[in-house]
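The structure file my_file_37.cif is reproduced below (mmCIF, C-alpha atoms).
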data_my_file
#
loop_
_atom_site.label_atom_id
_atom_site.label_comp_id
_atom_site.auth_asym_id
_atom_site.auth_seq_id
_atom_site.Cartn_x
_atom_site.Cartn_y
_atom_site.Cartn_z
CA MET A 1 -7.92 -20.65 -27.70
CA HIS A 2 -7.52 -17.16 -26.33
CA THR A 3 -4.99 -14.66 -27.59
CA PRO A 4 -2.40 -13.32 -25.12
CA SER A 5 -4.24 -9.98 -24.99
CA GLN A 6 -7.55 -11.70 -24.23
CA LEU A 7 -5.92 -13.72 -21.44
CA ALA A 8 -4.42 -10.54 -20.01
CA ALA A 9 -7.84 -8.85 -20.05
CA LEU A 10 -9.49 -11.86 -18.38
CA SER A 11 -6.88 -11.76 -15.62
CA ARG A 12 -7.21 -8.02 -15.08
CA LEU A 13 -10.99 -8.30 -14.64
CA PHE A 14 -10.25 -9.82 -11.23
CA SER A 15 -7.72 -7.17 -10.24
CA ALA A 16 -7.87 -4.88 -7.23
CA THR A 17 -8.45 -1.95 -9.61
CA VAL A 18 -11.79 -3.26 -10.90
CA PHE A 19 -12.89 -4.51 -7.48
CA ARG A 20 -12.14 -1.21 -5.73
CA GLU A 21 -13.71 0.88 -8.50
CA MET A 22 -16.97 -1.03 -8.09
CA ALA A 23 -16.78 -0.67 -4.31
CA THR A 24 -16.04 3.05 -4.24
CA LYS A 25 -18.04 4.22 -7.29
CA GLY A 26 -20.67 1.54 -7.80
CA ARG A 27 -19.37 1.13 -11.35
CA SER A 28 -16.09 0.41 -13.10
CA ALA A 29 -14.94 1.96 -16.35
CA THR A 30 -12.05 -0.51 -16.31
CA PHE A 31 -14.53 -3.41 -16.22
CA ALA A 32 -16.43 -2.02 -19.21
CA ARG A 33 -13.21 -1.62 -21.21
CA LEU A 34 -11.74 -5.00 -20.29
CA ILE A 35 -14.93 -6.91 -21.12
CA GLY A 36 -14.52 -5.72 -24.69
CA GLU A 37 -10.96 -7.06 -24.74
CA THR A 38 -11.72 -10.52 -23.31
CA GLY A 39 -13.50 -11.96 -26.31
CA LEU A 40 -16.63 -12.58 -24.22
CA LEU A 41 -18.72 -10.33 -26.45
CA ASP A 42 -17.51 -12.24 -29.53
CA GLY A 43 -19.11 -15.31 -27.99
CA ARG A 44 -22.39 -13.40 -27.78
CA PHE A 45 -22.43 -13.41 -23.99
CA THR A 46 -25.73 -11.91 -22.87
CA GLY A 47 -25.78 -12.80 -19.16
CA PRO A 48 -28.29 -10.76 -17.20
CA THR A 49 -25.89 -9.12 -14.73
CA VAL A 50 -22.28 -8.17 -14.06
CA ALA A 51 -22.08 -11.14 -11.66
CA GLU A 52 -22.72 -13.58 -14.52
CA ALA A 53 -20.12 -11.79 -16.61
CA PHE A 54 -17.51 -12.35 -13.92
CA ASP A 55 -18.46 -16.03 -13.67
CA ALA A 56 -18.30 -16.42 -17.46
CA ALA A 57 -14.87 -14.74 -17.56
CA PHE A 58 -13.64 -16.97 -14.75
CA SER A 59 -14.92 -20.05 -16.59
CA ARG A 60 -12.61 -19.15 -19.48
CA LEU A 61 -9.69 -18.21 -17.25
CA ARG A 62 -9.75 -21.50 -15.36
CA ARG A 63 -9.17 -23.67 -18.44
CA ALA A 64 -5.85 -25.53 -18.45
CA GLY A 65 -3.18 -23.44 -20.14
CA ALA A 66 -4.95 -20.17 -19.35
CA ARG A 67 -4.94 -20.40 -15.55
CA ASP A 68 -3.32 -17.50 -13.75
CA GLU A 69 -2.56 -16.85 -10.08
CA TYR A 70 -6.15 -15.84 -9.34
CA VAL A 71 -7.45 -19.26 -10.41
CA TYR A 72 -5.05 -20.93 -7.98
CA ARG A 73 -5.96 -18.45 -5.25
CA SER A 74 -9.63 -19.26 -5.88
CA ALA A 75 -9.01 -23.01 -5.59
CA LEU A 76 -7.20 -22.52 -2.27
CA THR A 77 -9.88 -20.17 -0.96
CA HIS A 78 -12.78 -22.50 -1.77
CA ASN A 79 -11.06 -25.82 -1.00
CA VAL A 80 -8.98 -24.94 2.04
CA LEU A 81 -10.22 -21.74 3.71
CA LEU A 82 -13.93 -22.20 3.05
CA GLY A 83 -13.82 -25.96 2.51
CA LYS A 84 -11.80 -27.31 5.45
CA HIS A 85 -12.14 -24.30 7.74
CA SER A 86 -14.48 -21.30 7.97
CA LEU A 87 -14.21 -17.53 8.26
CA ASN A 88 -15.10 -17.87 11.93
CA THR A 89 -12.19 -20.15 12.81
CA ALA A 90 -9.47 -19.32 10.28
CA ALA A 91 -7.93 -16.23 8.71
CA MET A 92 -6.31 -15.68 5.33
CA LEU A 93 -3.55 -13.25 4.43
CA ALA A 94 -2.77 -12.31 0.84
CA GLU A 95 0.47 -10.71 -0.33
CA PHE A 96 1.90 -10.97 3.20
CA ARG A 97 5.49 -9.78 3.41
CA ALA A 98 8.10 -12.28 4.55
CA GLY A 99 11.63 -10.97 4.29
CA ALA A 100 12.21 -9.62 0.80
CA CYS A 101 9.28 -11.61 -0.61
CA LYS A 102 5.51 -11.42 -0.53
CA ALA A 103 3.68 -14.66 0.22
CA ASP A 104 0.83 -15.32 -2.21
CA LEU A 105 -1.46 -16.74 0.45
CA VAL A 106 -1.24 -17.61 4.15
CA ILE A 107 -3.96 -19.50 6.01
CA LEU A 108 -4.01 -19.29 9.80
CA ASN A 109 -5.81 -22.00 11.70
CA GLY A 110 -4.02 -24.13 14.29
CA THR A 111 -0.76 -23.04 12.68
CA ALA A 112 0.39 -20.70 9.90
CA THR A 113 0.60 -22.30 6.46
CA VAL A 114 2.02 -20.39 3.52
CA TYR A 115 1.10 -21.21 -0.08
CA GLU A 116 3.32 -20.15 -2.97
CA ILE A 117 1.52 -20.24 -6.32
CA LYS A 118 3.36 -21.28 -9.48
CA SER A 119 0.82 -21.24 -12.28
CA GLU A 120 1.40 -22.33 -15.85
CA ARG A 121 2.34 -18.74 -16.61
CA ASP A 122 5.01 -18.52 -13.87
CA SER A 123 8.72 -19.20 -13.82
CA LEU A 124 10.40 -21.16 -11.02
CA VAL A 125 13.53 -18.98 -11.02
CA ARG A 126 12.75 -17.29 -7.67
CA LEU A 127 11.21 -20.31 -5.96
CA GLU A 128 14.15 -21.49 -3.84
CA ASN A 129 14.72 -18.03 -2.36
CA GLN A 130 10.99 -17.49 -1.79
CA ILE A 131 10.69 -20.75 0.14
CA ARG A 132 13.80 -19.92 2.17
CA GLN A 133 12.26 -16.56 3.18
CA TYR A 134 8.82 -18.04 3.94
CA ARG A 135 10.20 -20.78 6.20
CA ARG A 136 11.74 -18.10 8.43
CA VAL A 137 8.20 -16.87 9.19
CA PHE A 138 5.84 -19.84 8.72
CA ALA A 139 6.00 -23.34 10.18
CA LYS A 140 4.34 -25.00 7.18
CA ALA A 141 4.88 -24.26 3.51
CA TYR A 142 3.29 -25.54 0.32
CA VAL A 143 3.92 -24.84 -3.33
CA ILE A 144 0.81 -25.23 -5.48
CA ALA A 145 1.73 -25.62 -9.13
CA GLY A 146 0.51 -26.53 -12.57
CA GLU A 147 1.07 -30.19 -13.43
CA ASP A 148 3.95 -29.36 -15.78
CA HIS A 149 5.83 -27.68 -12.91
CA VAL A 150 5.41 -30.39 -10.27
CA SER A 151 8.52 -32.43 -11.04
CA ASP A 152 10.78 -29.36 -10.98
CA VAL A 153 9.13 -28.04 -7.80
CA LEU A 154 9.81 -31.34 -6.02
CA LYS A 155 13.50 -31.11 -6.97
CA ALA A 156 13.83 -27.44 -6.01
CA THR A 157 12.29 -27.62 -2.53
CA PRO A 158 13.24 -29.36 0.76
CA ALA A 159 11.37 -32.51 1.83
CA GLU A 160 9.53 -30.54 4.56
CA VAL A 161 7.86 -28.34 1.93
CA GLY A 162 4.55 -29.66 0.64
CA VAL A 163 3.70 -29.77 -3.04
CA LEU A 164 0.18 -29.46 -4.42
CA SER A 165 -1.02 -29.78 -7.99
CA LEU A 166 -4.07 -28.06 -9.45
CA VAL A 167 -5.47 -30.97 -11.47
CA ARG A 168 -8.57 -29.13 -12.56
CA TRP A 169 -9.42 -25.58 -11.62
CA ASP A 170 -11.29 -26.78 -8.53
CA ARG A 171 -9.44 -29.98 -7.54
CA ILE A 172 -6.20 -29.87 -5.59
CA ASN A 173 -4.05 -33.00 -5.52
CA THR A 174 -1.52 -33.45 -2.71
CA VAL A 175 1.77 -34.64 -4.22
CA ARG A 176 3.79 -34.25 -1.01
CA GLU A 177 2.49 -33.34 2.44
CA ALA A 178 4.08 -30.40 4.24
CA VAL A 179 5.76 -31.04 7.59
CA GLU A 180 5.29 -28.50 10.36
CA THR A 181 8.75 -27.53 11.57
CA PHE A 182 10.20 -24.62 13.52
CA ASP A 183 13.84 -25.35 12.59
CA ALA A 184 14.03 -22.43 10.18
CA VAL A 185 11.57 -20.08 11.94
CA CYS A 186 13.22 -16.86 13.10
CA PRO A 187 11.56 -14.61 15.73
CA VAL A 188 13.11 -11.49 14.17
CA ALA A 189 11.81 -12.43 10.69
CA ILE A 190 8.34 -12.80 12.22
CA PHE A 191 8.69 -9.43 13.93
CA GLU A 192 9.66 -7.71 10.67
CA ALA A 193 6.49 -9.08 9.03
CA LEU A 194 4.15 -7.65 11.66
CA ARG A 195 2.54 -4.33 12.46
CA THR A 196 3.97 -2.69 15.57
CA ALA A 197 0.76 -3.20 17.58
CA GLU A 198 0.75 -6.89 16.66
CA ALA A 199 4.37 -7.29 17.77
CA CYS A 200 3.54 -5.64 21.12
CA LYS A 201 0.62 -8.03 21.65
CA ILE A 202 2.86 -11.04 21.02
CA LEU A 203 5.50 -9.71 23.38
CA THR A 204 2.91 -9.15 26.12
CA ALA A 205 1.42 -12.63 25.63
CA LEU A 206 4.88 -14.10 26.16
CA GLY A 207 5.32 -12.25 29.43
CA GLY A 208 7.35 -9.33 28.12
CA GLU A 209 6.78 -5.59 28.41
CA PRO A 210 6.60 -3.38 25.30
CA PRO A 211 9.60 -1.01 25.43
CA ASP A 212 8.93 2.38 26.99
CA VAL A 213 10.86 4.40 24.40
CA PRO A 214 10.09 7.18 21.90
CA ASN A 215 8.37 6.03 18.69
CA THR A 216 11.55 6.69 16.73
CA GLU A 217 13.33 4.02 18.80
CA LEU A 218 10.47 1.55 19.16
CA HIS A 219 11.22 -0.63 16.14
CA ARG A 220 14.83 -1.23 17.16
CA ALA A 221 13.89 -1.87 20.80
CA LEU A 222 11.18 -4.36 19.87
CA ARG A 223 13.52 -6.12 17.47
CA THR A 224 16.06 -6.56 20.25
CA LYS A 225 13.42 -8.14 22.50
CA PHE A 226 12.27 -10.53 19.74
CA GLU A 227 15.86 -11.69 19.24
CA GLN A 228 15.68 -13.25 22.71
CA LEU A 229 12.38 -15.13 22.26
CA ASP A 230 11.73 -18.79 21.46
CA ALA A 231 10.82 -19.33 17.79
CA ALA A 232 7.99 -21.83 18.35
CA ALA A 233 6.43 -19.63 21.05
CA VAL A 234 6.57 -16.51 18.86
CA HIS A 235 5.05 -18.44 15.96
CA ARG A 236 2.22 -19.73 18.16
CA GLU A 237 1.38 -16.24 19.40
CA MET A 238 1.70 -14.81 15.89
CA VAL A 239 -1.04 -17.19 14.75
CA SER A 240 -3.24 -16.22 17.70
CA VAL A 241 -2.75 -12.47 17.26
CA LEU A 242 -3.13 -12.41 13.46
CA LYS A 243 -6.35 -14.42 13.67
CA GLN A 244 -7.69 -11.55 15.77
CA THR A 245 -6.22 -8.57 13.91
CA ARG A 246 -6.79 -9.96 10.39
CA ASN A 247 -10.15 -11.56 11.19
CA LEU A 248 -12.29 -12.22 8.10
CA ALA A 249 -15.54 -13.11 9.89
CA PRO A 250 -17.00 -9.60 9.32
CA LEU A 251 -16.80 -10.30 5.56
CA HIS A 252 -19.17 -13.28 5.80
CA ALA A 253 -22.26 -11.32 4.74
CA LEU A 254 -20.45 -9.69 1.80
CA VAL A 255 -18.95 -12.95 0.51
CA ASP A 256 -22.33 -14.66 0.56
CA ARG A 257 -23.79 -11.96 -1.71
CA LEU A 258 -21.08 -12.10 -4.35
CA PRO A 259 -20.67 -14.58 -7.23
CA ALA A 260 -18.29 -17.46 -6.44
CA SER A 261 -15.75 -16.09 -8.91
CA LEU A 262 -15.39 -12.85 -6.90
CA GLN A 263 -15.32 -14.34 -3.41
CA PRO A 264 -11.50 -14.78 -3.32
CA ALA A 265 -11.13 -11.12 -4.29
CA ALA A 266 -13.46 -10.07 -1.48
CA LEU A 267 -11.29 -11.94 1.03
CA SER A 268 -7.97 -10.53 -0.15
CA ILE A 269 -8.69 -6.99 -1.41
CA GLN A 270 -9.51 -4.55 1.36
CA VAL A 271 -12.46 -2.22 0.91
CA ARG A 272 -14.30 -0.20 3.55
CA ARG A 273 -17.36 -1.77 5.13
CA ALA A 274 -19.27 1.35 4.13
CA ASP A 275 -18.63 0.40 0.48
CA HIS A 276 -19.96 -3.18 0.71
CA GLU A 277 -23.50 -2.31 -0.32
CA ARG A 278 -22.23 -0.30 -3.29
CA LEU A 279 -20.13 -3.28 -4.40
CA VAL A 280 -23.06 -5.69 -4.17
CA LYS A 281 -25.20 -3.27 -6.17
CA ALA A 282 -22.49 -2.99 -8.83
CA VAL A 283 -22.30 -6.75 -9.43
CA SER A 284 -26.11 -6.83 -9.62
CA THR A 285 -26.12 -4.22 -12.41
CA PRO A 286 -27.65 -5.41 -15.71
CA PHE A 287 -24.80 -6.40 -17.99
CA GLU A 288 -25.91 -4.23 -20.92
CA GLU A 289 -25.99 -1.21 -18.61
CA ALA A 290 -22.49 -2.00 -17.30
CA LEU A 291 -21.10 -1.83 -20.85
CA THR A 292 -21.82 1.90 -20.74
CA TRP A 293 -19.86 2.47 -17.52
CA GLY A 294 -17.35 5.21 -18.09
#
What would you get if you wrote out this structure as structure tokens?
Amino acid sequence: MHTPSQLAALSRLFSATVFREMATKGRSATFARLIGETGLLDGRFTGPTVAEAFDAAFSRLRRAGARDEYVYRSALTHNVLLGKHSLNTAAMLAEFRAGACKADLVILNGTATVYEIKSERDSLVRLENQIRQYRRVFAKAYVIAGEDHVSDVLKATPAEVGVLSLVRWDRINTVREAVETFDAVCPVAIFEALRTAEACKILTALGGEPPDVPNTELHRALRTKFEQLDAAAVHREMVSVLKQTRNLAPLHALVDRLPASLQPAALSIQVRRADHERLVKAVSTPFEEALTWG
């Protein structure tokens, strides 16, 4: 069993901080410090490179009872995004704002499906409000939860909301299928979740004209136009536009060169293309050398 501090260190290894440090500097002092806190060295880990260290850390993190949000995100990335779809045909959004909440994961293919993660470490206190906010923006919603949460999730969510269970770290069991419905979708809620340029593209696609007003008045003017649009039509164009503007296909080459444990991070943490080679070099660094990163 891992101590709480070891679990925290294992989780933080897969944080944006470590990922971006490696991408921008080719090394990560945070990685070197956290490795010492994970307990990996106590197990005499001597993997040849940083990549193997990440995989070994993930192997510990994915054990039942220790699984955090990143393990669930990884299962969704590999099983749904890369398993059922591909980076050429689907897009994925992480931490996408919907109302007062941030959606853990959204996958855009023929429709927009939001996934709320409730790991063993999470509480369900905010779940009902989160789902209410998400359904104003997305036509399909799932909650993916640890097995101990499933019964309570079923009770706390409407019948249209799907429920998934992470049986093992890599196997997702469908407890209840999600139903695509536009009953709760609100064009204004969609508008508030978008960048201004994306909202203008949607408006144009639906036969409207972007308002010819000063920038200080643009948000209000666009909002007024979205109030008059059909929810299903706005949702359809949102999917089309976001698949273009948040396209992940350019990350294909990077993802293929990273260990499986880091691929979900590569698809959800933005780094400059100019830093890709530096990131790949960092994960290829001999592990013993990486322990001296500072």
Point to revise | Selected residue, from A:Thr157, A:Thr49, A:Thr3, A:Thr17, that lies nearest to Glu116 of chain A when counting all atoms listed in the file | key: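 Closest candidate: A:Thr157.
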**Study point:** Selection: 8 Å around segment 166-180 of chain A, all atoms listed in the file, excl. self and same-chain fewer than 3 positions, as a ChimeraX atom specification
**Key:** /A:62-64,67,71-72,75,79,139-142,144-147,159-163
Practice item. Determine the nearest neighbour of Leu76 of chain A from the options A:Val137, A:Ala253, A:Ala199, A:Ile117, counting only C-alpha atoms. Key: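 Between A:Val137, A:Ala253, A:Ala199, A:Ile117, the residue approaching Leu76 of chain A most closely is A:Ile117.
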**Study point:** Of the listed residues A:Leu254, A:Ala260, A:Leu108, A:Glu128, that which approaches Arg272 of chain A most closely, counting all atoms listed in the file
**Key:**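 Of A:Leu254, A:Ala260, A:Leu108, A:Glu128, the one nearest Arg272 of chain A, counting all atoms listed in the file, is A:Leu254.
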Exercise for review: For the structure provided, state which residues fall under the PyMOL selection byres ((chain A and resi 26-40) around 7), and present them as JSON, numbers by chain.
Suggested key: {"A": [6, 7, 9, 10, 13, 18, 21, 22, 23, 24, 25, 41, 42, 43, 44, 45, 278, 279, 281, 282, 290, 291, 292, 293, 294]}
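For the choices A:Tyr70, A:Ile107, A:Ala112, A:Arg20, the atom-to-atom distance to Gln270 of chain A is smallest for A:Arg20 when using only C-alpha atoms.
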Check your understanding: Which neighbours of Glu209 of chain A fall inside 12 Å, counting all atoms listed in the file, when residues of the same chain fewer than 5 positions from it are skipped, and could you give them as a ChimeraX atom specification?
Key -> /A:199-204,221-222,225-226
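Among the candidate residues A:His235, A:Arg97, A:Lys118, A:Arg132, the one lying nearest to Glu192 of chain A is A:Arg97, with distances computed using all atoms listed in the file.
One finds atom CA of Asp68 of chain A at 17.1 Å from atom CA of Val125 of chain A.
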Check your understanding: Given the choices A:Val50, A:Pro187, A:Val239, A:Asp104, which gets closest to Ser74 of chain A if the distance is worked out from all atoms listed in the file?
Key ->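 Of A:Val50, A:Pro187, A:Val239, A:Asp104, the one nearest Ser74 of chain A is A:Asp104, counting all atoms listed in the file.
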